file query06.cif (mmCIF, C-alpha atoms and all ligand atoms)
data_model
loop_
_atom_site.label_atom_id
_atom_site.label_comp_id
_atom_site.auth_asym_id
_atom_site.auth_seq_id
_atom_site.Cartn_x
_atom_site.Cartn_y
_atom_site.Cartn_z
CA MET A 1 0.00 0.00 0.00
CA GLU A 2 0.95 3.60 -0.53
CA HIS A 3 2.42 5.48 2.36
CA PRO A 4 -0.58 7.40 3.72
CA ALA A 5 1.45 10.56 3.84
CA PHE A 6 1.62 10.59 0.05
CA VAL A 7 -1.92 9.66 -0.90
CA PHE A 8 -5.31 10.44 0.59
CA THR A 9 -8.00 7.82 0.13
CA GLN A 10 -10.37 9.30 2.72
CA ILE A 11 -12.07 12.56 1.84
CA SER A 12 -12.10 13.61 5.48
CA ASP A 13 -8.27 13.28 5.72
CA PHE A 14 -7.89 15.25 2.52
CA LEU A 15 -10.18 18.02 3.77
CA ASP A 16 -8.39 18.11 7.14
CA TYR A 17 -5.10 18.53 5.33
CA LEU A 18 -6.47 21.39 3.23
CA GLY A 19 -7.82 23.18 6.28
CA PRO A 20 -10.88 25.25 7.19
CA ASP A 21 -10.54 27.92 4.47
CA PHE A 22 -11.07 25.24 1.87
CA ALA A 23 -14.08 23.80 3.67
CA THR A 24 -15.64 27.25 3.31
CA LEU A 25 -14.64 27.49 -0.33
CA ILE A 26 -16.18 24.08 -1.06
CA ALA A 27 -19.41 24.91 0.76
CA ASN A 28 -19.72 28.17 -1.20
CA THR A 29 -18.91 26.79 -4.66
CA PRO A 30 -21.94 25.54 -6.60
CA TYR A 31 -19.97 22.82 -8.38
CA LEU A 32 -18.50 21.42 -5.16
CA ALA A 33 -21.08 21.90 -2.44
CA ASN A 34 -22.84 18.65 -3.34
CA LEU A 35 -19.88 16.67 -2.01
CA ASP A 36 -20.28 12.87 -1.84
CA HIS A 37 -18.34 11.37 1.08
CA ALA A 38 -18.82 7.74 0.02
CA PRO A 39 -18.66 7.65 -3.79
CA SER A 40 -19.00 4.37 -5.67
CA PHE A 41 -15.94 5.31 -7.76
CA PRO A 42 -13.54 5.72 -4.83
CA PHE A 43 -11.81 8.94 -3.91
CA CYS A 44 -8.04 9.18 -4.24
CA CYS A 45 -5.76 12.20 -4.38
CA SER A 46 -2.06 12.71 -3.80
CA ARG A 47 -0.65 15.01 -1.16
CA HIS A 48 1.28 16.75 -3.91
CA TYR A 49 -1.97 17.64 -5.66
CA ALA A 50 -3.41 18.85 -2.35
CA ASP A 51 -0.38 21.15 -2.08
CA LEU A 52 -1.02 22.39 -5.61
CA ILE A 53 -4.60 23.16 -4.55
CA LYS A 54 -3.33 25.10 -1.52
CA ASN A 55 -1.10 27.21 -3.77
CA ALA A 56 -3.52 27.52 -6.68
CA LYS A 57 -4.85 30.80 -8.05
CA GLU A 58 -8.07 28.92 -8.86
CA PRO A 59 -8.30 26.16 -6.25
CA ALA A 60 -11.97 25.43 -7.02
CA ALA A 61 -10.99 24.32 -10.54
CA LEU A 62 -8.49 21.78 -9.22
CA LEU A 63 -10.84 20.62 -6.48
CA ARG A 64 -13.50 19.93 -9.07
CA GLU A 65 -11.17 17.49 -10.83
CA VAL A 66 -10.79 15.30 -7.75
CA LEU A 67 -13.76 15.80 -5.42
CA PRO A 68 -16.75 13.48 -5.90
CA THR A 69 -20.20 15.04 -5.96
CA LYS A 70 -23.69 13.59 -6.03
CA GLU A 71 -24.03 14.61 -9.69
CA GLU A 72 -22.06 11.45 -10.49
CA TYR A 73 -25.18 9.36 -9.82
CA ALA A 74 -27.23 11.13 -12.50
CA ASP A 75 -28.31 8.64 -15.13
CA ILE A 76 -27.98 10.58 -18.38
CA PRO A 77 -28.80 8.86 -21.70
CA GLY A 78 -25.68 8.40 -23.82
CA PHE A 79 -23.30 8.26 -20.85
CA VAL A 80 -22.33 4.60 -20.76
CA MET A 81 -20.01 2.08 -19.12
CA ASP A 82 -17.59 1.67 -22.07
CA PRO A 83 -17.66 5.03 -23.88
CA VAL A 84 -14.70 4.50 -26.20
CA GLY A 85 -15.25 0.90 -27.21
CA ASP A 86 -12.20 -0.44 -25.40
CA LEU A 87 -13.86 -3.76 -24.70
CA ASP A 88 -14.47 -4.52 -28.40
CA ALA A 89 -10.93 -3.48 -29.27
CA GLY A 90 -9.18 -5.54 -26.58
CA LYS A 91 -7.18 -8.10 -28.49
CA SER A 92 -5.59 -9.61 -25.43
CA GLU A 93 -5.95 -8.90 -21.74
CA CYS A 94 -3.87 -5.76 -21.66
CA VAL A 95 -3.23 -4.76 -25.29
CA ILE A 96 -5.71 -2.53 -27.13
CA GLN A 97 -5.17 -2.03 -30.82
CA LYS A 98 -7.58 0.35 -32.50
CA TYR A 99 -5.23 2.11 -34.90
CA ASP A 100 -3.05 1.02 -37.78
CA ARG A 101 0.25 -0.53 -36.67
CA ARG A 102 0.06 1.13 -33.23
CA ALA A 103 -0.84 -0.53 -29.96
CA LEU A 104 -1.82 0.76 -26.55
CA ILE A 105 -1.08 -1.18 -23.38
CA VAL A 106 -3.25 -0.93 -20.29
CA THR A 107 -0.36 -1.40 -17.90
CA THR A 108 -2.12 -1.05 -14.56
CA ALA A 109 -5.33 0.14 -12.93
CA THR A 110 -3.43 2.36 -10.53
CA CYS A 111 -3.13 6.14 -10.89
CA GLY A 112 -1.78 8.88 -8.66
CA VAL A 113 -5.34 10.17 -8.41
CA ARG A 114 -8.85 9.34 -9.40
CA CYS A 115 -10.01 12.07 -11.73
CA ARG A 116 -13.75 12.23 -11.37
CA PHE A 117 -14.24 12.56 -15.14
CA CYS A 118 -12.02 9.54 -15.95
CA PHE A 119 -13.13 7.77 -19.14
CA ARG A 120 -11.93 4.45 -17.71
CA ARG A 121 -13.72 4.92 -14.38
CA ASN A 122 -15.90 1.89 -15.12
CA TYR A 123 -13.24 -0.14 -16.95
CA PRO A 124 -12.91 -3.76 -15.80
CA PHE A 125 -9.14 -3.75 -15.36
CA GLN A 126 -7.51 -7.18 -15.59
CA SER A 127 -4.57 -7.46 -13.32
CA SER A 128 -1.87 -9.16 -15.30
CA PRO A 129 0.68 -11.01 -13.15
CA ASN A 130 3.28 -10.91 -15.88
CA ILE A 131 2.54 -8.04 -18.18
CA ALA A 132 6.00 -8.08 -19.78
CA ALA A 133 5.56 -11.68 -20.95
CA GLU A 134 2.04 -11.01 -22.16
CA VAL A 135 3.01 -7.94 -24.18
CA GLY A 136 6.11 -9.70 -25.49
CA SER A 137 4.14 -12.62 -26.84
CA TRP A 138 1.49 -10.32 -28.34
CA LEU A 139 4.22 -8.42 -30.18
CA ASP A 140 5.75 -11.73 -31.37
CA THR A 141 2.64 -12.23 -33.48
CA HIS A 142 2.14 -8.56 -34.47
CA THR A 143 5.38 -7.80 -36.23
CA ASP A 144 4.11 -4.67 -37.98
CA ILE A 145 3.61 -2.58 -34.80
CA TRP A 146 5.90 0.46 -34.77
CA GLU A 147 4.51 2.53 -31.90
CA VAL A 148 3.74 1.16 -28.46
CA ILE A 149 1.88 3.38 -26.00
CA LEU A 150 2.05 2.64 -22.30
CA SER A 151 -1.19 3.80 -20.76
CA GLY A 152 -3.34 2.74 -17.83
CA GLY A 153 -4.08 3.66 -15.23
CA ASP A 154 -0.72 5.33 -15.04
CA PRO A 155 2.32 3.37 -16.27
CA LEU A 156 4.69 5.34 -14.05
CA THR A 157 2.98 3.89 -10.96
CA LEU A 158 4.59 0.54 -11.86
CA SER A 159 7.62 -0.34 -9.79
CA PRO A 160 10.91 0.49 -11.53
CA ALA A 161 11.57 -3.26 -11.92
CA LYS A 162 8.19 -3.91 -13.54
CA LEU A 163 8.39 -0.93 -15.86
CA GLN A 164 11.89 -1.90 -16.90
CA SER A 165 11.00 -5.51 -17.66
CA LEU A 166 8.01 -4.37 -19.69
CA ILE A 167 10.12 -1.98 -21.74
CA GLU A 168 12.83 -4.63 -22.17
CA ALA A 169 10.20 -7.00 -23.55
CA ILE A 170 9.06 -4.34 -26.03
CA SER A 171 12.63 -3.54 -26.94
CA ASP A 172 13.18 -7.12 -28.13
CA HIS A 173 10.88 -6.37 -31.07
CA GLY A 174 12.74 -4.56 -33.82
CA SER A 175 9.60 -3.21 -35.51
CA VAL A 176 8.88 -0.95 -32.50
CA THR A 177 10.69 2.33 -33.10
CA THR A 178 8.59 4.62 -30.89
CA LEU A 179 7.85 4.23 -27.23
CA ARG A 180 5.23 6.51 -25.81
CA ILE A 181 4.19 6.95 -22.19
CA HIS A 182 0.90 8.53 -21.14
CA SER A 183 1.15 9.85 -17.59
CA ARG A 184 -0.47 12.26 -15.18
CA LEU A 185 2.20 11.62 -12.54
CA PRO A 186 4.36 14.69 -13.35
CA VAL A 187 1.60 16.75 -11.70
CA MET A 188 0.28 14.10 -9.28
CA ARG A 189 3.24 12.13 -7.93
CA PRO A 190 6.51 13.74 -8.98
CA ASP A 191 8.18 11.59 -6.29
CA LEU A 192 7.22 8.43 -8.20
CA VAL A 193 8.46 9.81 -11.53
CA GLN A 194 11.84 10.52 -9.91
CA GLN A 195 12.23 6.80 -9.16
CA HIS A 196 12.27 6.11 -12.90
CA PHE A 197 14.59 8.94 -13.92
CA GLU A 198 17.77 6.99 -14.43
CA PHE A 199 16.10 4.39 -16.61
CA LEU A 200 13.98 6.89 -18.58
CA ARG A 201 16.95 9.10 -19.33
CA ASP A 202 18.73 6.25 -21.13
CA LEU A 203 15.77 5.19 -23.29
CA PRO A 204 16.16 7.72 -26.12
CA ALA A 205 19.27 5.76 -27.15
CA ARG A 206 16.97 2.82 -27.98
CA PHE A 207 13.64 4.33 -29.11
CA ASP A 208 12.14 7.57 -30.24
CA CYS A 209 10.59 8.49 -26.90
CA VAL A 210 7.45 10.53 -26.37
CA LEU A 211 5.90 11.50 -23.04
CA VAL A 212 2.29 12.64 -23.30
CA SER A 213 1.42 14.24 -19.99
CA HIS A 214 -2.13 14.93 -18.84
CA VAL A 215 -2.43 18.45 -17.43
CA ASP A 216 -5.78 20.24 -17.44
CA HIS A 217 -5.10 23.50 -15.63
CA PRO A 218 -2.13 25.89 -15.38
CA ASP A 219 -2.21 25.69 -11.56
CA GLU A 220 -1.21 22.01 -11.86
CA LEU A 221 2.24 23.01 -13.10
CA ASP A 222 4.97 23.98 -10.61
CA GLU A 223 8.69 23.55 -9.96
CA SER A 224 8.31 19.78 -9.57
CA SER A 225 6.75 19.32 -13.00
CA MET A 226 9.33 21.74 -14.40
CA GLU A 227 12.12 19.55 -13.01
CA ILE A 228 10.64 16.35 -14.45
CA PHE A 229 9.98 17.80 -17.89
CA GLY A 230 13.43 19.38 -17.92
CA GLN A 231 15.20 16.11 -17.09
CA LEU A 232 13.34 14.22 -19.79
CA ARG A 233 13.61 16.90 -22.41
CA TYR A 234 17.35 17.27 -22.06
CA SER A 235 17.78 13.52 -22.33
CA GLY A 236 15.99 13.51 -25.67
CA TRP A 237 12.30 12.91 -24.99
CA THR A 238 9.62 14.67 -27.01
CA LEU A 239 7.10 16.19 -24.59
CA LEU A 240 3.43 16.65 -25.46
CA ASN A 241 0.36 17.28 -23.34
CA GLN A 242 -3.25 16.28 -23.54
CA SER A 243 -6.05 17.92 -21.61
CA VAL A 244 -9.71 17.18 -21.23
CA LEU A 245 -12.07 20.10 -21.75
CA LEU A 246 -14.03 20.26 -18.50
CA LYS A 247 -16.90 22.46 -17.44
CA GLY A 248 -15.97 24.43 -14.33
CA VAL A 249 -12.28 23.52 -14.64
CA ASN A 250 -10.80 24.89 -17.86
CA ASP A 251 -13.72 25.88 -20.12
CA ASN A 252 -12.63 29.46 -20.65
CA ALA A 253 -10.15 31.04 -23.04
CA ASP A 254 -8.08 32.67 -20.33
CA THR A 255 -7.36 29.38 -18.52
CA LEU A 256 -6.61 27.51 -21.76
CA THR A 257 -4.28 30.29 -22.93
CA LYS A 258 -2.41 30.27 -19.63
CA LEU A 259 -2.19 26.48 -19.73
CA SER A 260 -0.60 26.46 -23.19
CA ARG A 261 1.89 29.15 -22.27
CA LYS A 262 2.87 27.54 -18.98
CA LEU A 263 3.28 24.14 -20.63
CA PHE A 264 5.56 25.75 -23.19
CA GLU A 265 7.61 27.43 -20.45
CA GLN A 266 8.18 23.93 -19.09
CA GLY A 267 9.16 22.53 -22.50
CA VAL A 268 5.87 20.80 -23.35
CA LEU A 269 3.72 21.36 -26.45
CA PRO A 270 -0.08 21.15 -26.27
CA TYR A 271 -1.22 18.15 -28.32
CA TYR A 272 -4.89 17.32 -27.79
CA LEU A 273 -7.81 19.03 -26.09
CA HIS A 274 -10.28 16.19 -25.70
CA GLN A 275 -13.99 16.52 -25.74
CA LEU A 276 -15.19 14.49 -22.77
CA ASP A 277 -15.70 10.76 -23.28
CA HIS A 278 -19.25 9.89 -22.27
CA ALA A 279 -18.55 7.57 -19.34
CA LYS A 280 -21.43 7.00 -16.98
CA GLY A 281 -21.28 9.56 -14.14
CA VAL A 282 -19.40 12.40 -15.86
CA ALA A 283 -22.16 14.33 -17.69
CA HIS A 284 -21.81 17.37 -15.41
CA TYR A 285 -18.35 18.02 -16.91
CA GLU A 286 -19.65 18.24 -20.49
CA VAL A 287 -18.92 21.32 -22.62
CA SER A 288 -20.96 21.63 -25.83
CA ASP A 289 -19.21 21.30 -29.20
CA GLU A 290 -20.29 24.86 -30.11
CA LYS A 291 -18.67 26.27 -27.00
CA ALA A 292 -15.56 24.09 -27.46
CA LYS A 293 -15.09 25.28 -31.04
CA ALA A 294 -15.61 28.91 -30.04
CA LEU A 295 -12.97 28.52 -27.31
CA ILE A 296 -10.45 27.14 -29.78
CA GLU A 297 -11.16 29.99 -32.19
CA GLU A 298 -10.65 32.47 -29.38
CA ILE A 299 -7.35 31.03 -28.17
CA ARG A 300 -6.17 30.84 -31.78
CA THR A 301 -6.28 34.67 -31.79
CA LYS A 302 -4.17 34.82 -28.62
CA LEU A 303 -1.48 32.21 -29.17
CA PRO A 304 1.02 31.13 -31.80
CA GLY A 305 -0.31 28.22 -33.85
CA TYR A 306 2.01 25.72 -32.17
CA LEU A 307 0.38 26.40 -28.80
CA VAL A 308 -3.19 25.71 -29.99
CA PRO A 309 -4.15 22.10 -29.13
CA ARG A 310 -6.18 19.98 -31.57
CA LEU A 311 -9.78 19.67 -30.42
CA VAL A 312 -10.74 16.01 -30.80
CA ARG A 313 -13.12 13.37 -29.61
CA GLU A 314 -12.84 9.65 -29.54
CA ILE A 315 -15.55 7.81 -31.42
CA ALA A 316 -15.75 4.05 -30.86
CA GLY A 317 -14.80 2.14 -34.01
CA GLU A 318 -13.00 5.02 -35.76
CA LYS A 319 -9.44 4.55 -37.01
CA SER A 320 -8.12 7.72 -35.32
CA LYS A 321 -9.22 10.42 -32.95
CA THR A 322 -11.83 12.59 -34.69
CA PRO A 323 -11.35 16.37 -35.07
CA VAL A 324 -14.32 18.33 -33.69
C1 LIG B 401 -5.87 7.57 -28.34
C2 LIG B 401 -5.31 6.24 -28.65
C3 LIG B 401 -4.08 6.13 -29.31
C4 LIG B 401 -3.24 7.33 -29.63
O1 LIG B 401 -3.77 8.08 -30.66
P1 LIG B 401 -2.99 9.37 -31.19
O2 LIG B 401 -3.94 10.03 -32.12
O3 LIG B 401 -1.75 8.86 -31.84
O4 LIG B 401 -2.65 10.19 -30.01
C5 LIG B 401 -3.63 4.87 -29.65
N1 LIG B 401 -4.35 3.77 -29.36
C6 LIG B 401 -5.54 3.85 -28.74
C7 LIG B 401 -6.28 2.58 -28.45
C8 LIG B 401 -6.05 5.08 -28.34
O5 LIG B 401 -7.22 5.15 -27.70
S1 LIG B 402 -4.94 9.98 -14.48
FE1 LIG B 402 -6.06 9.38 -16.35
S2 LIG B 402 -6.57 7.18 -16.08
FE2 LIG B 402 -6.00 8.04 -14.05
S3 LIG B 402 -7.94 8.66 -13.11
FE3 LIG B 402 -7.11 10.47 -14.18
S4 LIG B 402 -8.05 10.43 -16.23
FE4 LIG B 402 -8.31 8.37 -15.30
#
call {"tool": "encode", "arguments": {"input": "query06.cif", "output": "structure tokens", "more": "lines below"}}
Ligand SMILES: *Cc1c(COP(=O)(O)O)cnc(C)c1O
Ligand code: SF4
result
Amino acid sequence: MEHPAFVFTQISDFLDYLGPDFATLIANTPYLANLDHAPSFPFCCSRHYADLIKNAKEPAALLREVLPTKEEYADIPGFVMDPVGDLDAGKSECVIQKYDRRALIVTTATCGVRCRFCFRRNYPFQSSPNIAAEVGSWLDTHTDIWEVILSGGDPLTLSPAKLQSLIEAISDHGSVTTLRIHSRLPVMRPDLVQQHFEFLRDLPARFDCVLVSHVDHPDELDESSMEIFGQLRYSGWTLLNQSVLLKGVNDNADTLTKLSRKLFEQGVLPYYLHQLDHAKGVAHYEVSDEKAKALIEEIRTKLPGYLVPRLVREIAGEKSKTPV
């Protein structure tokens, strides 16, 4: 189990840590006041993220990403258990191939947090006792795969030994030229990312390496994320970011503009801005397509083109993400 000092799994401990000012803020914020102390999708948040909330210019936005509310029980048509068709695409227990010659690996169910809007919040994770062997044998019979994406859960929550054996198993397959890691840990558990530094820094000698971070709000970025991105960047990683467009969190041009600029200051380029996947229990985070498109048009007038993320949505059965 995690050291309790690093992760809160009880809302009351988390609120105690934040202190009375935040209790007042929560009670007075429409999006948060409907707090659910015993959610069916459990609560989890790192101490690091709690510290980010304490230092945030807009703490309510960050709180809304992690605090469960009763809105999650609303049964809204179209919000379903498997919104992105992962279960149809699962070719083996942990490998998902939806796209041409590229495979995604569900490495673990564990994250540094439980984002309330998570598209895999209802996903029936299989725990694989030997993921390296499983992925290795899948790749043995799929010799055209050139990009492997480690996803999850969060792949950087794996122990260094497990992550290394998984990447060694991938490395045995000459067709794989690009290794990509999807992680929210640079802003959730920088301490866990540090454990992998030595190994990650050496990888660009073997693969083209891409880290796609998940940062939704500029207040999630601080000196710790700066340090992580800096270490990886100077060892040869390409750094990209994906965000989810979320009502009450980042659905305004000012926040999105600040996010892009702050990412760039830390060496990361905005990649995708995702329209919300329609998982059951997340409808209260939905931003309409009209509003999303207007936001992109507005930030396009404020930022250089390379800092404007691509607005996309995932449609089950499609051969790529779909531009909105
Ligand atoms: C999103 C996704 C990818 C990555 O798609 P990109 O457009 O390259 O970012 C790959 N595989 C699966 C199954 C995905 O859901
Ligand atoms: S980090 Fe990603 S996978 Fe984990 S809870 Fe958040 S959205 Fe879901």
call {"tool": "residues_near_point", "arguments": {"input": "query06.cif", "point": "(-17.4, 9.7, -26.1)", "cutoff": "6 Å", "atoms": "all atoms listed in the file", "output": "list in words"}}
result
Pro83, Val84, Asp277, His278, Glu314 and Ile315 of chain A
call {"tool": "closest_atom_pairs", "arguments": {"input": "query06.cif", "of": "range 108-177 of chain A", "to": "range 85-89 of chain A", "cutoff": "12 Å", "atoms": "only C-alpha atoms", "output": "tab-separated table"}}
result
residue	atom	partner	partner_atom	distance
A:Phe119	CA	A:Asp86	CA	10.4
A:Arg120	CA	A:Asp86	CA	9.1
A:Asn122	CA	A:Asp86	CA	11.2
A:Tyr123	CA	A:Asp86	CA	8.5
A:Pro124	CA	A:Leu87	CA	9.0
A:Phe125	CA	A:Leu87	CA	10.5
A:Gln126	CA	A:Leu87	CA	11.6
call {"tool": "write_last_selection", "arguments": {"input": "query06.cif", "atoms": "C-alpha atoms", "output": "CSV table (one decimal), keeping the file's coordinate frame"}}
result
chain,number,residue,atom,x,y,z
A,119,PHE,CA,-13.1,7.8,-19.1
A,120,ARG,CA,-11.9,4.4,-17.7
A,122,ASN,CA,-15.9,1.9,-15.1
A,123,TYR,CA,-13.2,-0.1,-17.0
A,124,PRO,CA,-12.9,-3.8,-15.8
A,125,PHE,CA,-9.1,-3.8,-15.4
A,126,GLN,CA,-7.5,-7.2,-15.6
call {"tool": "atom_distance", "arguments": {"input": "query06.cif", "atom1": "CA of Glu227 in chain A", "atom2": "CA of Ile181 in chain A"}}
result
17.5 Å
call {"tool": "residues_around", "arguments": {"input": "query06.cif", "residues": "Thr257 in chain A", "least_positions_apart": "5", "cutoff": "12 Å", "atoms": "only C-alpha atoms", "output": "compact mmCIF listing (two decimals) with C-alpha atoms, in the coordinates of the input"}}
result
# COMPACT_ATOMS: atom_id res chain seq x y z
CA ASP A 216 -5.78 20.24 -17.44
CA HIS A 217 -5.10 23.50 -15.63
CA PRO A 218 -2.13 25.89 -15.38
CA ASN A 250 -10.80 24.89 -17.86
CA ASP A 251 -13.72 25.88 -20.12
CA ASN A 252 -12.63 29.46 -20.65
CA LYS A 262 2.87 27.54 -18.98
CA LEU A 263 3.28 24.14 -20.63
CA PHE A 264 5.56 25.75 -23.19
CA PRO A 270 -0.08 21.15 -26.27
CA LEU A 295 -12.97 28.52 -27.31
CA ILE A 296 -10.45 27.14 -29.78
CA GLU A 297 -11.16 29.99 -32.19
CA GLU A 298 -10.65 32.47 -29.38
CA ILE A 299 -7.35 31.03 -28.17
CA ARG A 300 -6.17 30.84 -31.78
CA THR A 301 -6.28 34.67 -31.79
CA LYS A 302 -4.17 34.82 -28.62
CA LEU A 303 -1.48 32.21 -29.17
CA PRO A 304 1.02 31.13 -31.80
CA GLY A 305 -0.31 28.22 -33.85
CA LEU A 307 0.38 26.40 -28.80
CA VAL A 308 -3.19 25.71 -29.99
CA PRO A 309 -4.15 22.10 -29.13
call {"tool": "residues_near_ligand", "arguments": {"input": "query06.cif", "ligand": "ligand LIG 402 (chain B)", "cutoff": "9 Å", "atoms": "all atoms listed in the file", "output": "tab-separated table (two decimals) with C-alpha atoms, in the coordinates of the input"}}
result
chain	number	residue	atom	x	y	z
A	44	CYS	CA	-8.04	9.18	-4.24
A	65	GLU	CA	-11.17	17.49	-10.83
A	66	VAL	CA	-10.79	15.30	-7.75
A	109	ALA	CA	-5.33	0.14	-12.93
A	110	THR	CA	-3.43	2.36	-10.53
A	111	CYS	CA	-3.13	6.14	-10.89
A	112	GLY	CA	-1.78	8.88	-8.66
A	113	VAL	CA	-5.34	10.17	-8.41
A	114	ARG	CA	-8.85	9.34	-9.40
A	115	CYS	CA	-10.01	12.07	-11.73
A	116	ARG	CA	-13.75	12.23	-11.37
A	117	PHE	CA	-14.24	12.56	-15.14
A	118	CYS	CA	-12.02	9.54	-15.95
A	119	PHE	CA	-13.13	7.77	-19.14
A	120	ARG	CA	-11.93	4.45	-17.71
A	121	ARG	CA	-13.72	4.92	-14.38
A	151	SER	CA	-1.19	3.80	-20.76
A	152	GLY	CA	-3.34	2.74	-17.83
A	153	GLY	CA	-4.08	3.66	-15.23
A	154	ASP	CA	-0.72	5.33	-15.04
A	182	HIS	CA	0.90	8.53	-21.14
A	183	SER	CA	1.15	9.85	-17.59
A	184	ARG	CA	-0.47	12.26	-15.18
A	185	LEU	CA	2.20	11.62	-12.54
A	188	MET	CA	0.28	14.10	-9.28
A	214	HIS	CA	-2.13	14.93	-18.84
A	244	VAL	CA	-9.71	17.18	-21.23
call {"tool": "residues_around", "arguments": {"input": "query06.cif", "residues": "Leu240 in chain A", "least_positions_apart": "2", "cutoff": "7 Å", "atoms": "all atoms listed in the file", "output": "PDB file with C-alpha atoms, in the frame of the given file"}}
result
ATOM      1  CA  LEU A 211       5.900  11.500 -23.040  1.00  0.00           C
ATOM      2  CA  VAL A 212       2.290  12.640 -23.300  1.00  0.00           C
ATOM      3  CA  SER A 213       1.420  14.240 -19.990  1.00  0.00           C
ATOM      4  CA  THR A 238       9.620  14.670 -27.010  1.00  0.00           C
ATOM      5  CA  GLN A 242      -3.250  16.280 -23.540  1.00  0.00           C
ATOM      6  CA  VAL A 268       5.870  20.800 -23.350  1.00  0.00           C
ATOM      7  CA  LEU A 269       3.720  21.360 -26.450  1.00  0.00           C
ATOM      8  CA  PRO A 270      -0.080  21.150 -26.270  1.00  0.00           C
ATOM      9  CA  TYR A 271      -1.220  18.150 -28.320  1.00  0.00           C
TER      10      TYR A 271
END
call {"tool": "residues_around", "arguments": {"input": "query06.cif", "residues": "Ser159 in chain A", "least_positions_apart": "5", "cutoff": "12 Å", "atoms": "all atoms listed in the file", "output": "MDAnalysis selection string"}}
result
chainID A and resid 107:108 110 154 164:166 192:196 199
call {"tool": "residues_near_ligand", "arguments": {"input": "query06.cif", "ligand": "ligand LIG 401 (chain B)", "cutoff": "6 Å", "atoms": "only C-alpha atoms and all ligand atoms", "output": "compact mmCIF listing (two decimals) with C-alpha atoms, keeping the file's coordinate frame"}}
result
# COMPACT_ATOMS: atom_id res chain seq x y z
CA ILE A 96 -5.71 -2.53 -27.13
CA GLN A 97 -5.17 -2.03 -30.82
CA LYS A 98 -7.58 0.35 -32.50
CA TYR A 99 -5.23 2.11 -34.90
CA ALA A 103 -0.84 -0.53 -29.96
CA LEU A 104 -1.82 0.76 -26.55
CA SER A 320 -8.12 7.72 -35.32
CA LYS A 321 -9.22 10.42 -32.95
call {"tool": "closest_residue", "arguments": {"input": "query06.cif", "among": "A:Thr69, A:Ser225, A:Ser171, A:Ser235", "to": "Gln266 in chain A", "atoms": "only C-alpha atoms"}}
result
A:Ser225
call {"tool": "decode", "arguments": {"input": "query06.cif", "residues": "range 184-195 of chain A", "atoms": "N, CA and C atoms", "output": "compact mmCIF listing (two decimals), in the first residue's frame"}}
result
# COMPACT_ATOMS: atom_id res chain seq x y z
N ARG A 184 -0.06 11.07 -15.93
CA ARG A 184 -0.47 12.26 -15.18
C ARG A 184 0.42 12.44 -13.95
N LEU A 185 1.38 11.55 -13.75
CA LEU A 185 2.20 11.62 -12.54
C LEU A 185 3.09 12.86 -12.42
N PRO A 186 3.54 13.47 -13.54
CA PRO A 186 4.36 14.69 -13.35
C PRO A 186 3.64 15.75 -12.52
N VAL A 187 2.30 15.77 -12.54
CA VAL A 187 1.60 16.75 -11.70
C VAL A 187 0.91 16.11 -10.50
N MET A 188 0.95 14.80 -10.39
CA MET A 188 0.28 14.10 -9.28
C MET A 188 1.26 13.52 -8.28
N ARG A 189 2.27 12.81 -8.79
CA ARG A 189 3.24 12.13 -7.93
C ARG A 189 4.64 12.32 -8.50
N PRO A 190 5.15 13.55 -8.46
CA PRO A 190 6.51 13.74 -8.98
C PRO A 190 7.51 12.83 -8.29
N ASP A 191 7.26 12.49 -7.02
CA ASP A 191 8.18 11.59 -6.29
C ASP A 191 8.29 10.24 -6.99
N LEU A 192 7.17 9.74 -7.52
CA LEU A 192 7.22 8.43 -8.20
C LEU A 192 7.93 8.54 -9.56
N VAL A 193 7.77 9.66 -10.24
CA VAL A 193 8.46 9.81 -11.53
C VAL A 193 9.98 9.80 -11.30
N GLN A 194 10.40 10.46 -10.22
CA GLN A 194 11.84 10.52 -9.91
C GLN A 194 12.46 9.13 -9.84
N GLN A 195 11.70 8.17 -9.30
CA GLN A 195 12.23 6.80 -9.16
C GLN A 195 12.63 6.21 -10.51
